[in-house]
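Quick look at target23.pdb (PDB, C-alpha atoms):
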```
ATOM      1  CA  MET D  29     -84.697 -89.993 -26.541
ATOM      2  CA  THR D  30     -87.335 -88.475 -28.801
ATOM      3  CA  GLY D  31     -88.755 -84.996 -28.570
ATOM      4  CA  ASN D  32     -86.271 -83.615 -26.048
ATOM      5  CA  PRO D  33     -86.144 -80.091 -27.572
ATOM      6  CA  TYR D  34     -89.952 -79.952 -27.407
ATOM      7  CA  LEU D  35     -89.913 -81.192 -23.815
ATOM      8  CA  PHE D  36     -87.350 -78.557 -22.874
ATOM      9  CA  ALA D  37     -89.322 -75.871 -24.746
ATOM     10  CA  ALA D  38     -92.577 -76.775 -22.947
ATOM     11  CA  TYR D  39     -91.027 -76.802 -19.468
ATOM     12  CA  ALA D  40     -89.067 -73.617 -20.136
ATOM     13  CA  ALA D  41     -92.176 -71.862 -21.519
ATOM     14  CA  THR D  42     -94.126 -72.830 -18.405
ATOM     15  CA  TRP D  43     -91.592 -71.266 -16.078
ATOM     16  CA  ILE D  44     -91.067 -68.212 -18.290
ATOM     17  CA  ILE D  45     -94.824 -67.527 -18.126
ATOM     18  CA  HIS D  46     -94.936 -67.988 -14.348
ATOM     19  CA  ILE D  47     -91.816 -65.897 -13.732
ATOM     20  CA  ALA D  48     -93.101 -63.132 -16.031
ATOM     21  CA  TYR D  49     -96.374 -63.033 -14.080
ATOM     22  CA  LEU D  50     -94.562 -63.053 -10.715
ATOM     23  CA  SER D  51     -92.389 -60.162 -11.882
ATOM     24  CA  THR D  52     -95.521 -58.125 -12.715
ATOM     25  CA  ILE D  53     -96.767 -58.781  -9.154
ATOM     26  CA  VAL D  54     -93.425 -57.622  -7.730
ATOM     27  CA  SER D  55     -93.413 -54.440  -9.843
ATOM     28  CA  ARG D  56     -97.029 -53.662  -8.883
ATOM     29  CA  TYR D  57     -96.149 -54.235  -5.224
ATOM     30  CA  ARG D  58     -93.218 -51.803  -5.520
ATOM     31  CA  ARG D  59     -95.499 -49.197  -7.097
ATOM     32  CA  VAL D  60     -98.035 -49.535  -4.263
ATOM     33  CA  LYS D  61     -95.240 -49.233  -1.683
ATOM     34  CA  ARG D  62     -94.068 -46.041  -3.416
ATOM     35  CA  GLU D  63     -97.610 -44.664  -3.364
ATOM     36  CA  ILE D  64     -97.864 -45.432   0.358
ATOM     37  CA  GLU D  65     -94.607 -43.589   1.008
ATOM     38  CA  GLU D  66     -95.878 -40.595  -0.974
ATOM     39  CA  LEU D  67     -99.155 -40.590   0.944
ATOM     40  CA  LYS D  68     -97.346 -40.762   4.270
ATOM     41  CA  LYS D  69     -95.334 -37.593   3.437
TER      42      LYS D  69
ATOM     43  CA  MET U  15     -98.108 -66.000  11.150
ATOM     44  CA  LYS U  16     -95.302 -63.709   9.964
ATOM     45  CA  TYR U  17     -93.203 -66.707   8.882
ATOM     46  CA  LEU U  18     -96.058 -68.783   7.460
ATOM     47  CA  PHE U  19     -95.726 -67.439   3.921
ATOM     48  CA  PRO U  20     -91.927 -67.907   3.632
ATOM     49  CA  ILE U  21     -92.191 -71.410   5.149
ATOM     50  CA  LEU U  22     -94.943 -72.382   2.711
ATOM     51  CA  ALA U  23     -92.965 -70.836  -0.164
ATOM     52  CA  ILE U  24     -89.889 -72.931   0.715
ATOM     53  CA  LEU U  25     -91.982 -76.120   1.049
ATOM     54  CA  THR U  26     -93.681 -75.404  -2.286
ATOM     55  CA  GLY U  27     -90.288 -74.815  -3.906
ATOM     56  CA  ILE U  28     -89.060 -78.205  -2.638
ATOM     57  CA  LEU U  29     -92.268 -79.879  -3.813
ATOM     58  CA  LEU U  30     -91.974 -78.265  -7.267
ATOM     59  CA  TRP U  31     -88.354 -79.410  -7.524
ATOM     60  CA  TYR U  32     -89.301 -82.969  -6.516
ATOM     61  CA  ALA U  33     -92.251 -82.960  -8.949
ATOM     62  CA  LEU U  34     -89.970 -81.765 -11.754
ATOM     63  CA  SER U  35     -87.383 -84.466 -10.944
ATOM     64  CA  ILE U  36     -89.882 -87.334 -11.011
ATOM     65  CA  ALA U  37     -91.525 -85.937 -14.143
ATOM     66  CA  LEU U  38     -88.218 -85.901 -16.026
ATOM     67  CA  ASN U  39     -86.598 -89.107 -14.754
ATOM     68  CA  PRO U  40     -87.851 -92.729 -14.559
ATOM     69  CA  VAL U  41     -85.760 -93.242 -11.404
ATOM     70  CA  ILE U  42     -84.189 -90.685  -9.074
ATOM     71  CA  HIS U  43     -81.616 -91.161  -6.306
ATOM     72  CA  VAL U  44     -81.789 -88.845  -3.292
ATOM     73  CA  GLY U  45     -79.231 -89.422  -0.531
ATOM     74  CA  GLY U  46     -79.008 -93.154  -1.139
ATOM     75  CA  ILE U  47     -82.784 -93.545  -1.522
ATOM     76  CA  THR U  48     -84.146 -94.623  -4.903
ATOM     77  CA  LEU U  49     -87.435 -93.025  -5.872
ATOM     78  CA  GLN U  50     -89.709 -94.068  -8.698
ATOM     79  CA  GLY U  51     -90.322 -91.412 -11.344
ATOM     80  CA  ALA U  52     -92.424 -91.367 -14.478
ATOM     81  CA  PRO U  53     -91.649 -94.182 -16.939
ATOM     82  CA  THR U  54     -90.887 -93.264 -20.551
ATOM     83  CA  GLU U  55     -93.950 -93.676 -22.753
ATOM     84  CA  GLN U  56     -93.313 -96.243 -25.488
ATOM     85  CA  THR U  57     -94.936 -94.495 -28.478
ATOM     86  CA  MET U  58     -94.197 -90.822 -27.846
ATOM     87  CA  GLY U  59     -90.954 -91.152 -25.883
ATOM     88  CA  ASN U  60     -89.781 -88.294 -23.673
ATOM     89  CA  VAL U  61     -92.025 -85.690 -25.270
ATOM     90  CA  GLN U  62     -94.944 -87.326 -23.417
ATOM     91  CA  ARG U  63     -93.453 -85.860 -20.226
ATOM     92  CA  ILE U  64     -94.991 -82.509 -21.246
ATOM     93  CA  PHE U  65     -98.168 -84.153 -19.917
ATOM     94  CA  TYR U  66     -96.927 -83.616 -16.304
ATOM     95  CA  TYR U  67     -96.982 -79.851 -16.804
ATOM     96  CA  HIS U  68     -99.816 -79.546 -19.322
ATOM     97  CA  VAL U  69    -102.527 -81.478 -17.437
ATOM     98  CA  PRO U  70    -101.869 -80.168 -13.872
ATOM     99  CA  SER U  71    -101.842 -76.609 -15.267
ATOM    100  CA  ALA U  72    -105.236 -77.244 -16.889
ATOM    101  CA  TRP U  73    -106.716 -78.699 -13.688
ATOM    102  CA  THR U  74    -105.337 -75.826 -11.608
ATOM    103  CA  ALA U  75    -106.806 -73.296 -14.051
ATOM    104  CA  PHE U  76    -110.200 -75.033 -13.896
ATOM    105  CA  ILE U  77    -110.196 -75.012 -10.083
ATOM    106  CA  LEU U  78    -109.280 -71.314 -10.029
ATOM    107  CA  PHE U  79    -112.079 -70.535 -12.486
ATOM    108  CA  PHE U  80    -114.517 -72.425 -10.271
ATOM    109  CA  ILE U  81    -113.381 -70.468  -7.202
ATOM    110  CA  ASN U  82    -113.829 -67.331  -9.304
ATOM    111  CA  PHE U  83    -117.349 -68.557 -10.115
ATOM    112  CA  GLY U  84    -118.197 -69.166  -6.427
ATOM    113  CA  ALA U  85    -116.764 -65.823  -5.349
ATOM    114  CA  SER U  86    -118.624 -64.016  -8.171
ATOM    115  CA  ILE U  87    -121.949 -65.600  -7.151
ATOM    116  CA  TYR U  88    -121.260 -64.618  -3.537
ATOM    117  CA  TYR U  89    -120.412 -61.070  -4.642
ATOM    118  CA  LEU U  90    -123.603 -60.803  -6.708
ATOM    119  CA  ILE U  91    -125.678 -61.890  -3.685
ATOM    120  CA  LYS U  92    -123.870 -60.196  -0.787
ATOM    121  CA  ARG U  93    -121.805 -57.421  -2.493
ATOM    122  CA  CYS U  94    -118.846 -58.467  -0.328
ATOM    123  CA  PRO U  95    -115.633 -56.658  -1.470
ATOM    124  CA  THR U  96    -113.440 -59.562  -0.284
ATOM    125  CA  ALA U  97    -115.349 -61.941  -2.579
ATOM    126  CA  ASP U  98    -114.740 -59.482  -5.415
ATOM    127  CA  ILE U  99    -110.990 -59.529  -4.708
ATOM    128  CA  VAL U 100    -110.957 -63.359  -4.518
ATOM    129  CA  ALA U 101    -112.784 -63.536  -7.865
ATOM    130  CA  LEU U 102    -110.338 -61.127  -9.521
ATOM    131  CA  VAL U 103    -107.265 -62.876  -8.138
ATOM    132  CA  CYS U 104    -108.468 -66.368  -9.135
ATOM    133  CA  ALA U 105    -109.329 -65.189 -12.653
ATOM    134  CA  GLU U 106    -105.922 -63.579 -13.081
ATOM    135  CA  VAL U 107    -103.921 -66.591 -11.829
ATOM    136  CA  GLY U 108    -106.287 -68.923 -13.708
ATOM    137  CA  VAL U 109    -105.532 -67.085 -16.951
ATOM    138  CA  VAL U 110    -101.801 -67.547 -16.313
ATOM    139  CA  PHE U 111    -102.278 -71.318 -15.889
ATOM    140  CA  CYS U 112    -104.594 -71.472 -18.905
ATOM    141  CA  THR U 113    -101.894 -69.673 -20.918
ATOM    142  CA  VAL U 114     -99.450 -72.414 -19.886
ATOM    143  CA  VAL U 115    -101.960 -75.012 -21.164
ATOM    144  CA  LEU U 116    -102.348 -73.199 -24.490
ATOM    145  CA  VAL U 117     -98.588 -72.886 -24.942
ATOM    146  CA  THR U 118     -97.510 -76.375 -23.828
ATOM    147  CA  GLY U 119    -100.326 -78.081 -25.788
ATOM    148  CA  PRO U 120     -99.111 -77.044 -29.271
ATOM    149  CA  ILE U 121     -95.486 -77.759 -28.269
ATOM    150  CA  TRP U 122     -96.617 -81.306 -27.444
ATOM    151  CA  ALA U 123     -98.880 -81.570 -30.512
ATOM    152  CA  ARG U 124     -96.159 -80.668 -33.021
ATOM    153  CA  PRO U 125     -93.989 -83.828 -32.625
ATOM    154  CA  VAL U 126     -96.970 -86.126 -31.893
ATOM    155  CA  TRP U 127     -99.651 -84.973 -34.360
ATOM    156  CA  GLY U 128     -97.330 -83.237 -36.816
ATOM    157  CA  ILE U 129     -99.189 -79.924 -36.429
ATOM    158  CA  TRP U 130     -99.066 -77.082 -33.925
ATOM    159  CA  TRP U 131    -102.804 -76.469 -33.800
ATOM    160  CA  THR U 132    -106.068 -77.854 -35.077
ATOM    161  CA  TRP U 133    -109.509 -76.277 -34.725
ATOM    162  CA  ASP U 134    -111.041 -79.252 -32.939
ATOM    163  CA  MET U 135    -113.520 -78.871 -30.110
ATOM    164  CA  ARG U 136    -111.161 -79.287 -27.122
ATOM    165  CA  LEU U 137    -108.534 -76.878 -28.400
ATOM    166  CA  THR U 138    -111.006 -74.305 -29.661
ATOM    167  CA  SER U 139    -113.129 -74.379 -26.497
ATOM    168  CA  THR U 140    -109.992 -73.953 -24.349
ATOM    169  CA  LEU U 141    -109.019 -70.933 -26.431
ATOM    170  CA  VAL U 142    -112.546 -69.515 -26.050
ATOM    171  CA  LEU U 143    -112.387 -70.080 -22.271
ATOM    172  CA  TRP U 144    -109.061 -68.234 -22.150
ATOM    173  CA  LEU U 145    -110.495 -65.358 -24.214
ATOM    174  CA  ILE U 146    -113.522 -65.083 -21.877
ATOM    175  CA  TYR U 147    -111.283 -64.711 -18.823
ATOM    176  CA  VAL U 148    -108.911 -62.348 -20.640
ATOM    177  CA  SER U 149    -111.925 -60.164 -21.486
ATOM    178  CA  TYR U 150    -112.935 -60.395 -17.801
ATOM    179  CA  LEU U 151    -109.499 -59.052 -16.835
ATOM    180  CA  PHE U 152    -109.670 -56.339 -19.531
ATOM    181  CA  LEU U 153    -113.059 -55.290 -18.171
ATOM    182  CA  ARG U 154    -111.626 -55.085 -14.655
ATOM    183  CA  ARG U 155    -108.570 -53.191 -15.865
ATOM    184  CA  PHE U 156    -110.073 -50.613 -18.221
ATOM    185  CA  SER U 157    -113.606 -49.956 -16.950
ATOM    186  CA  SER U 158    -113.862 -47.290 -14.274
ATOM    187  CA  SER U 159    -117.612 -47.553 -13.790
ATOM    188  CA  GLY U 160    -118.970 -48.342 -10.335
ATOM    189  CA  GLN U 161    -120.821 -51.256 -11.903
ATOM    190  CA  THR U 162    -117.607 -52.957 -13.078
ATOM    191  CA  PRO U 163    -117.475 -55.607 -10.296
ATOM    192  CA  VAL U 164    -121.116 -56.561 -10.959
ATOM    193  CA  LEU U 165    -120.589 -56.807 -14.737
ATOM    194  CA  ALA U 166    -117.372 -58.762 -14.204
ATOM    195  CA  ALA U 167    -119.124 -61.149 -11.788
ATOM    196  CA  ALA U 168    -121.870 -61.766 -14.355
ATOM    197  CA  LEU U 169    -119.247 -62.431 -17.037
ATOM    198  CA  ALA U 170    -117.420 -64.796 -14.663
ATOM    199  CA  VAL U 171    -120.606 -66.811 -14.118
ATOM    200  CA  LEU U 172    -120.944 -67.256 -17.894
ATOM    201  CA  GLY U 173    -117.233 -68.077 -18.202
ATOM    202  CA  ALA U 174    -117.442 -70.793 -15.551
ATOM    203  CA  LEU U 175    -120.203 -72.514 -17.524
ATOM    204  CA  CYS U 176    -117.620 -73.020 -20.248
ATOM    205  CA  VAL U 177    -115.284 -75.003 -17.932
ATOM    206  CA  PRO U 178    -117.273 -78.305 -17.830
ATOM    207  CA  PHE U 179    -117.848 -77.920 -21.565
ATOM    208  CA  VAL U 180    -114.088 -77.732 -22.151
ATOM    209  CA  TYR U 181    -113.419 -80.719 -19.886
ATOM    210  CA  PHE U 182    -116.083 -82.988 -21.363
ATOM    211  CA  SER U 183    -115.868 -81.755 -24.963
ATOM    212  CA  ILE U 184    -113.828 -84.843 -25.804
ATOM    213  CA  TRP U 185    -116.759 -86.989 -24.683
ATOM    214  CA  PHE U 186    -119.337 -85.252 -26.801
ATOM    215  CA  PHE U 187    -117.319 -84.540 -29.939
ATOM    216  CA  ARG U 188    -114.816 -86.463 -32.016
ATOM    217  CA  THR U 189    -111.519 -84.749 -31.425
ATOM    218  CA  GLN U 190    -107.843 -85.368 -31.907
ATOM    219  CA  HIS U 191    -107.187 -84.707 -28.226
ATOM    220  CA  PRO U 192    -106.779 -87.791 -25.945
ATOM    221  CA  GLN U 193    -109.535 -88.794 -23.490
ATOM    222  CA  PRO U 194    -109.521 -87.172 -20.036
ATOM    223  CA  VAL U 195    -107.371 -88.946 -17.439
ATOM    224  CA  MET U 196    -110.007 -88.574 -14.705
ATOM    225  CA  GLY U 197    -113.663 -89.459 -15.231
ATOM    226  CA  GLY U 198    -113.434 -89.741 -18.987
ATOM    227  CA  GLY U 199    -112.722 -93.366 -19.771
ATOM    228  CA  GLY U 200    -108.999 -92.818 -20.363
ATOM    229  CA  SER U 201    -106.473 -95.143 -18.713
ATOM    230  CA  ILE U 202    -103.037 -94.380 -17.307
ATOM    231  CA  ASP U 203    -100.113 -96.300 -15.812
ATOM    232  CA  PRO U 204    -100.256 -96.015 -11.967
ATOM    233  CA  ARG U 205     -96.661 -94.692 -11.865
ATOM    234  CA  MET U 206     -97.601 -91.954 -14.351
ATOM    235  CA  LEU U 207    -100.725 -91.167 -12.324
ATOM    236  CA  HIS U 208     -98.602 -90.824  -9.179
ATOM    237  CA  VAL U 209     -96.251 -88.348 -10.907
ATOM    238  CA  LEU U 210     -99.207 -86.496 -12.382
ATOM    239  CA  LEU U 211    -100.851 -86.100  -8.962
ATOM    240  CA  ILE U 212     -97.595 -84.950  -7.325
ATOM    241  CA  ASN U 213     -97.192 -82.336 -10.061
ATOM    242  CA  TRP U 214    -100.784 -81.247  -9.611
ATOM    243  CA  LEU U 215    -100.261 -80.906  -5.855
ATOM    244  CA  ALA U 216     -97.089 -78.869  -6.467
ATOM    245  CA  PHE U 217     -98.792 -76.552  -8.974
ATOM    246  CA  SER U 218    -101.830 -76.182  -6.704
ATOM    247  CA  CYS U 219     -99.607 -75.124  -3.779
ATOM    248  CA  PHE U 220     -97.772 -72.723  -6.093
ATOM    249  CA  ALA U 221    -101.085 -71.288  -7.347
ATOM    250  CA  PHE U 222    -102.309 -70.883  -3.761
ATOM    251  CA  LEU U 223     -99.189 -68.904  -2.825
ATOM    252  CA  VAL U 224     -99.419 -66.717  -5.927
ATOM    253  CA  CYS U 225    -103.111 -66.063  -5.180
ATOM    254  CA  TRP U 226    -102.248 -65.199  -1.596
ATOM    255  CA  SER U 227     -99.603 -62.661  -2.693
ATOM    256  CA  ARG U 228    -101.898 -61.214  -5.328
ATOM    257  CA  PHE U 229    -104.765 -60.975  -2.786
ATOM    258  CA  ARG U 230    -102.587 -59.000  -0.355
ATOM    259  CA  LEU U 231    -101.427 -56.736  -3.170
ATOM    260  CA  GLU U 232    -104.982 -56.071  -4.383
ATOM    261  CA  LYS U 233    -106.161 -55.313  -0.839
ATOM    262  CA  LEU U 234    -103.274 -52.910  -0.347
ATOM    263  CA  GLN U 235    -103.936 -51.270  -3.726
ATOM    264  CA  ARG U 236    -107.595 -50.712  -2.837
ATOM    265  CA  GLU U 237    -106.666 -49.193   0.515
ATOM    266  CA  VAL U 238    -104.228 -46.835  -1.227
ATOM    267  CA  ASP U 239    -106.874 -45.881  -3.815
ATOM    268  CA  GLU U 240    -109.304 -45.229  -0.983
ATOM    269  CA  ALA U 241    -106.732 -43.082   0.798
ATOM    270  CA  HIS U 242    -106.080 -41.126  -2.424
ATOM    271  CA  ALA U 243    -109.802 -40.531  -2.860
ATOM    272  CA  MET U 244    -110.150 -39.514   0.776
ATOM    273  CA  ARG U 245    -107.214 -37.130   0.493
ATOM    274  CA  SER U 246    -108.542 -35.471  -2.627
ATOM    275  CA  LEU U 247    -111.922 -35.019  -0.892
ATOM    276  CA  MET U 248    -110.434 -33.586   2.266
ATOM    277  CA  ASP U 249    -107.519 -31.713   0.722
ATOM    278  CA  GLU U 250    -108.491 -28.187   1.512
ATOM    279  CA  PRO U 251    -106.004 -25.433   2.508
ATOM    280  CA  GLY U 252    -104.949 -25.814   6.134
ATOM    281  CA  GLN U 253    -106.683 -29.147   6.629
ATOM    282  CA  SER U 254    -104.899 -32.457   7.165
ATOM    283  CA  PRO U 255    -106.407 -35.732   5.911
ATOM    284  CA  PRO U 256    -106.623 -37.775   9.140
ATOM    285  CA  MET U 257    -108.757 -40.582   7.672
ATOM    286  CA  ALA U 258    -106.389 -41.092   4.747
ATOM    287  CA  LYS U 259    -103.432 -41.329   7.120
ATOM    288  CA  ALA U 260    -105.286 -43.821   9.328
ATOM    289  CA  SER U 261    -106.099 -45.946   6.285
ATOM    290  CA  ILE U 262    -102.451 -46.026   5.197
ATOM    291  CA  GLY U 263    -101.376 -47.024   8.716
ATOM    292  CA  LYS U 264    -103.717 -49.987   8.402
ATOM    293  CA  SER U 265    -102.260 -50.833   4.997
ATOM    294  CA  GLY U 266     -98.753 -50.924   6.359
ATOM    295  CA  SER U 267     -99.734 -53.438   9.034
ATOM    296  CA  ALA U 268    -101.492 -55.653   6.520
ATOM    297  CA  LYS U 269     -98.197 -56.541   4.794
TER     298      LYS U 269
END
```
Now, as a test, write the supplied structure out as structure tokens.
Amino acid sequence: MTGNPYLFAAYAATWIIHIAYLSTIVSRYRRVKREIEELKK
Amino acid sequence: MKYLFPILAILTGILLWYALSIALNPVIHVGGITLQGAPTEQTMGNVQRIFYYHVPSAWTAFILFFINFGASIYYLIKRCPTADIVALVCAEVGVVFCTVVLVTGPIWARPVWGIWWTWDMRLTSTLVLWLIYVSYLFLRRFSSSGQTPVLAAALAVLGALCVPFVYFSIWFFRTQHPQPVMGGGGSIDPRMLHVLLINWLAFSCFAFLVCWSRFRLEKLQREVDEAHAMRSLMDEPGQSPPMAKASIGKSGSAK
């Protein structure tokens, strides 16, 4: 079982990057929704 | 149509989970069924399994950059706003996947080569490709000129030319990086190839869904910006902005 910490680090880094990007999409979506609500007032 | 996205998201989640399982285990058992996973590589051991995330991420990034290239060419010819959105979205998601490649590569290199990074042609050209698309995104983010989409499309065309160079750099130059798995003279165990292709399929489906979400968001954002502009133009005392309201109504239904 060689290199397991590196394997874990690589897989974890991949998902951290993807989740970080997805969270920026979610926050941008929330901001747009807020803007729509403000415009509708 | 309303349920298409959640259904695809669930299917992609299952596919990603399956791809992860077969990438990490030589054999997996699901409900009494034994499935073949990726065998352990004899020289590198388990660290070689980084390959199943590193390579599919690179291929997905390359495909997204090529779609960005096609959409940019189309935008330059037809000035179609949808093509501009597709180009932006593919560049953004492509940069995310390219970041994964640049992060997982050194993590794999450290135990195998004994170094995190070397300035050889494949690694350096990948970094340059990433920097080109990051500058593309910076241009889109910080330039407010009306010419920004045209300048970005021109930059994207130049950036896409770098993609085949990155892929085939290991053919033309002596590098530390292994030969390409596809079309480059490298060989691979069929079981590893199977796992690699499943992972690629899973990451491609994931990328498609992320692009879809990002496309809808960008479209909505542009409609809101348009409505803001319309409102500020028509916002005179005692006057309502009917066009802005109509545009927002359309935005709401696009969700």
Output as a CSV table (one decimal) with C-alpha atoms, in the frame of the given file the set of chain D residues within 8 Å of chain U, with distances taken over all atoms listed in the file.
```csv
chain,number,residue,atom,x,y,z
D,29,MET,CA,-84.7,-90.0,-26.5
D,30,THR,CA,-87.3,-88.5,-28.8
D,31,GLY,CA,-88.8,-85.0,-28.6
D,32,ASN,CA,-86.3,-83.6,-26.0
D,34,TYR,CA,-90.0,-80.0,-27.4
D,35,LEU,CA,-89.9,-81.2,-23.8
D,37,ALA,CA,-89.3,-75.9,-24.7
D,38,ALA,CA,-92.6,-76.8,-22.9
D,39,TYR,CA,-91.0,-76.8,-19.5
D,41,ALA,CA,-92.2,-71.9,-21.5
D,42,THR,CA,-94.1,-72.8,-18.4
D,45,ILE,CA,-94.8,-67.5,-18.1
D,46,HIS,CA,-94.9,-68.0,-14.3
D,49,TYR,CA,-96.4,-63.0,-14.1
D,50,LEU,CA,-94.6,-63.1,-10.7
D,53,ILE,CA,-96.8,-58.8,-9.2
D,56,ARG,CA,-97.0,-53.7,-8.9
D,57,TYR,CA,-96.1,-54.2,-5.2
D,60,VAL,CA,-98.0,-49.5,-4.3
D,63,GLU,CA,-97.6,-44.7,-3.4
D,64,ILE,CA,-97.9,-45.4,0.4
D,67,LEU,CA,-99.2,-40.6,0.9
D,68,LYS,CA,-97.3,-40.8,4.3
```
- Message: Can you measure atom CA of Val177 of chain U to atom CA of Trp131 of chain U for me? One decimal in Å is fine.
- Response: 20.2 Å
Go ahead and fit an axis-aligned box to every listed atom of segment 214-218 of chain U plus 4 Å each side, and pass me the centre and edge lengths in Å, one decimal, as lines of an AutoDock Vina configuration file.
```
center_x = -99.5
center_y = -78.7
center_z = -7.7
size_x = 12.7
size_y = 13.1
size_z = 11.8
```
- Which value, in Å to one decimal, gives the distance between atom CA of His43 of chain U and atom CA of Leu223 of chain U?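 Interatomic distance, atom CA of His43 of chain U to atom CA of Leu223 of chain U: 28.6 Å.
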- Task: Return as number ranges by chain the set of residues that the PyMOL selection byres ((chain U and resi 36) around 9) yields on the displayed structure.
- Result: U: 31-35, 37-42, 49-52, 209, 212-213
- In terms of the shortest atom-to-atom distance over all atoms listed in the file, which of U:Leu25, U:Ala170, U:Arg205, U:Ala243 is closest to Ala85 of chain U? U:Ala170
- Task: Could you please determine the separation between atom CA of Ser55 of chain D and atom CA of Lys233 of chain U in Å, to one decimal place?
- Result: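 Atom-to-atom, atom CA of Ser55 of chain D and atom CA of Lys233 of chain U are spaced 15.6 Å apart.
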- Task: Name the closest residue to Pro178 of chain U among the candidates U:Gln161, U:Ser149, U:Thr140, U:Ser201; distances are taken between atoms, counting all atoms listed in the file.
- Result: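 Result for the nearest residue to Pro178 of chain U: U:Thr140.
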